[in-house]
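The structure under discussion appears below in the form of structure tokens.
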Amino acid sequence: ALSMFGTTAGLYAIPWCKEALLLTVLMSVIGAAMGVLDTGGNVVILSTWGVESGPHMQALHFSFAVGAFLAPLLAKMALGGSDSKGLPVAEQTNQSVLRPVPTAPAAPAATAATAAPAATAPPAPQHHGADFLWSYIVIGTYLLGVSVFFFVLYSKASSTREKSQASVQKKVYARYHYALLGLLFFFFLFYVGAEVTYGSYIFTYAKVFAEMKDSEAATLNSVFWGAFAVCRAVAIFCATCLYPGTMIVLSLMGSAVSSFCLVFFAGRPASLWLGTAIYGASMATVFPSGISWVEQYTVVQGKAASLFVVGAALGEMCIPAVVGYLQGRFHHVPVVMYTALGTSAMTVLLFPLMYRLAKCPPKSDRKEVTEGEVCKALLSVSNSPNEDEE
């Protein structure tokens, strides 16, 4: 509720901002609020449904993909559709929000948004300020309604909080709890970094290396994010019959195979299109499935969830920047494809290690079992004379 309220305040204030410093502060407020939302949303799902949170977690992250799909369309409507063919906007969807990412200096064009085709043209003129003003007000008002709704839920959820606290106290921490969280930190760093990097640079790659037209490159970008969104919708139903670990294994296999094909067979148009679609589909379920998976083995509260979000944010921030720098230095090397293969290899190596640590029995298991067996033995001994008398 507080994060949505902070986002609302920032959106209401930004259109009236005339100073760069004040604008920076307001954007920072929105970024911090969205970071809290990323963490809080995942924790609320886990606290409410526990080990049965798989479908609900997939639905939560599917809503991110839907928002990323609709945001460029709403922006086009705010511009009246006439100037939406401006400079291609490098926008992408990850485990949470839509953010701009810089592209490689190797080409003048960036990526299109999830479903928004891009074409090179002069930037949009300034006379659409009123349209953008109403866009901020409408979206801010919508978020304000959601914030009020969460405040009402919070005021009536004291019994639910007590139950969730009791359930957390009953759960047992994994034997290597902190090591497992640390590995998941790097796992999400590589995963989200790969997701954002490919979505941000595939437009540039298609133009420079595949020599596609703007419309074809934008369509290829839309194929990636379209497959991503569709598979997140399908994952809602798959999570009801598949374990989170199974979904992660299938996703990692798909990303590894598709990234391998993109590195060595991307020169063929069919391989590029098919590999992009499979890569986007494979990336869709990893983040929500990863959170549901680790919750089966250890306690995941606010601090642990925030660690995952920080790792994802670092990957989203650092890996695209490194790729952009390297692509600018080595113009003839498809750095984005090698990055996809390298990050896929890292996630494939990390998950078995995490699984091995998660399956180690907690230290308290043996003690708890022994005490239970002693109690049962004492009860059976005390009841045996009564049974004989009867």
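How things are named: the first chain in the structure tokens is A, the next is B, and so on; residues count from 1 in each chain; ligands count from 1 in the order shown.
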Selection: 8 Å around A:Ser259, only C-alpha atoms, excl. self and same-chain fewer than 3 positions, as a PDB file with N, CA, C and O atoms, in the first residue's frame:
```pdb
ATOM      1  N   SER A 255      16.494 -22.365 -22.466  1.00  0.00           N
ATOM      2  CA  SER A 255      17.367 -21.207 -22.656  1.00  0.00           C
ATOM      3  C   SER A 255      18.761 -21.620 -23.101  1.00  0.00           C
ATOM      4  O   SER A 255      19.381 -20.941 -23.933  1.00  0.00           O
ATOM      5  N   ALA A 256      19.264 -22.739 -22.578  1.00  0.00           N
ATOM      6  CA  ALA A 256      20.603 -23.194 -22.973  1.00  0.00           C
ATOM      7  C   ALA A 256      20.628 -23.616 -24.433  1.00  0.00           C
ATOM      8  O   ALA A 256      21.528 -23.230 -25.193  1.00  0.00           O
ATOM      9  N   LEU A 262      21.445 -19.630 -31.095  1.00  0.00           N
ATOM     10  CA  LEU A 262      21.558 -18.224 -31.467  1.00  0.00           C
ATOM     11  C   LEU A 262      23.008 -17.816 -31.683  1.00  0.00           C
ATOM     12  O   LEU A 262      23.303 -16.930 -32.480  1.00  0.00           O
ATOM     13  N   VAL A 263      23.929 -18.446 -30.977  1.00  0.00           N
ATOM     14  CA  VAL A 263      25.344 -18.120 -31.147  1.00  0.00           C
ATOM     15  C   VAL A 263      25.897 -18.710 -32.438  1.00  0.00           C
ATOM     16  O   VAL A 263      26.597 -18.028 -33.195  1.00  0.00           O
ATOM     17  N   GLY A 275      14.892 -19.302 -32.519  1.00  0.00           N
ATOM     18  CA  GLY A 275      15.692 -19.218 -31.305  1.00  0.00           C
ATOM     19  C   GLY A 275      15.252 -18.079 -30.405  1.00  0.00           C
ATOM     20  O   GLY A 275      15.217 -18.220 -29.173  1.00  0.00           O
ATOM     21  N   TYR A 279      13.858 -18.687 -26.727  1.00  0.00           N
ATOM     22  CA  TYR A 279      14.606 -18.043 -25.645  1.00  0.00           C
ATOM     23  C   TYR A 279      13.673 -17.182 -24.786  1.00  0.00           C
ATOM     24  O   TYR A 279      13.738 -17.209 -23.551  1.00  0.00           O
ATOM     25  N   MET A 337      24.679 -12.199 -28.159  1.00  0.00           N
ATOM     26  CA  MET A 337      24.446 -13.635 -28.259  1.00  0.00           C
ATOM     27  C   MET A 337      25.393 -14.416 -27.351  1.00  0.00           C
ATOM     28  O   MET A 337      24.980 -15.381 -26.697  1.00  0.00           O
ATOM     29  N   ALA A 340      24.076 -14.137 -23.889  1.00  0.00           N
ATOM     30  CA  ALA A 340      22.958 -15.046 -23.643  1.00  0.00           C
ATOM     31  C   ALA A 340      23.443 -16.456 -23.355  1.00  0.00           C
ATOM     32  O   ALA A 340      22.956 -17.126 -22.425  1.00  0.00           O
ATOM     33  N   LEU A 341      24.435 -16.910 -24.120  1.00  0.00           N
ATOM     34  CA  LEU A 341      24.976 -18.257 -23.898  1.00  0.00           C
ATOM     35  C   LEU A 341      25.725 -18.336 -22.575  1.00  0.00           C
ATOM     36  O   LEU A 341      25.576 -19.313 -21.817  1.00  0.00           O
ATOM     37  N   SER A 344      23.262 -18.246 -19.625  1.00  0.00           N
ATOM     38  CA  SER A 344      22.532 -19.522 -19.566  1.00  0.00           C
ATOM     39  C   SER A 344      23.410 -20.604 -18.948  1.00  0.00           C
ATOM     40  O   SER A 344      22.943 -21.403 -18.127  1.00  0.00           O
TER      41      SER A 344
END
```
Selection near stretch 348-352 of chain A, 12 Å with only C-alpha atoms, sequence-local residues under 4 positions removed, as a ChimeraX atom specification: /A:179-191,245-246,248-257,286,290,293-294,341-344,356-359
Contacts of A:Ala284 within 8 Å, only C-alpha atoms, excl. fewer than 4 positions in-chain, as JSON, numbers by chain: {"A": [228, 229, 231, 232, 251, 280]}
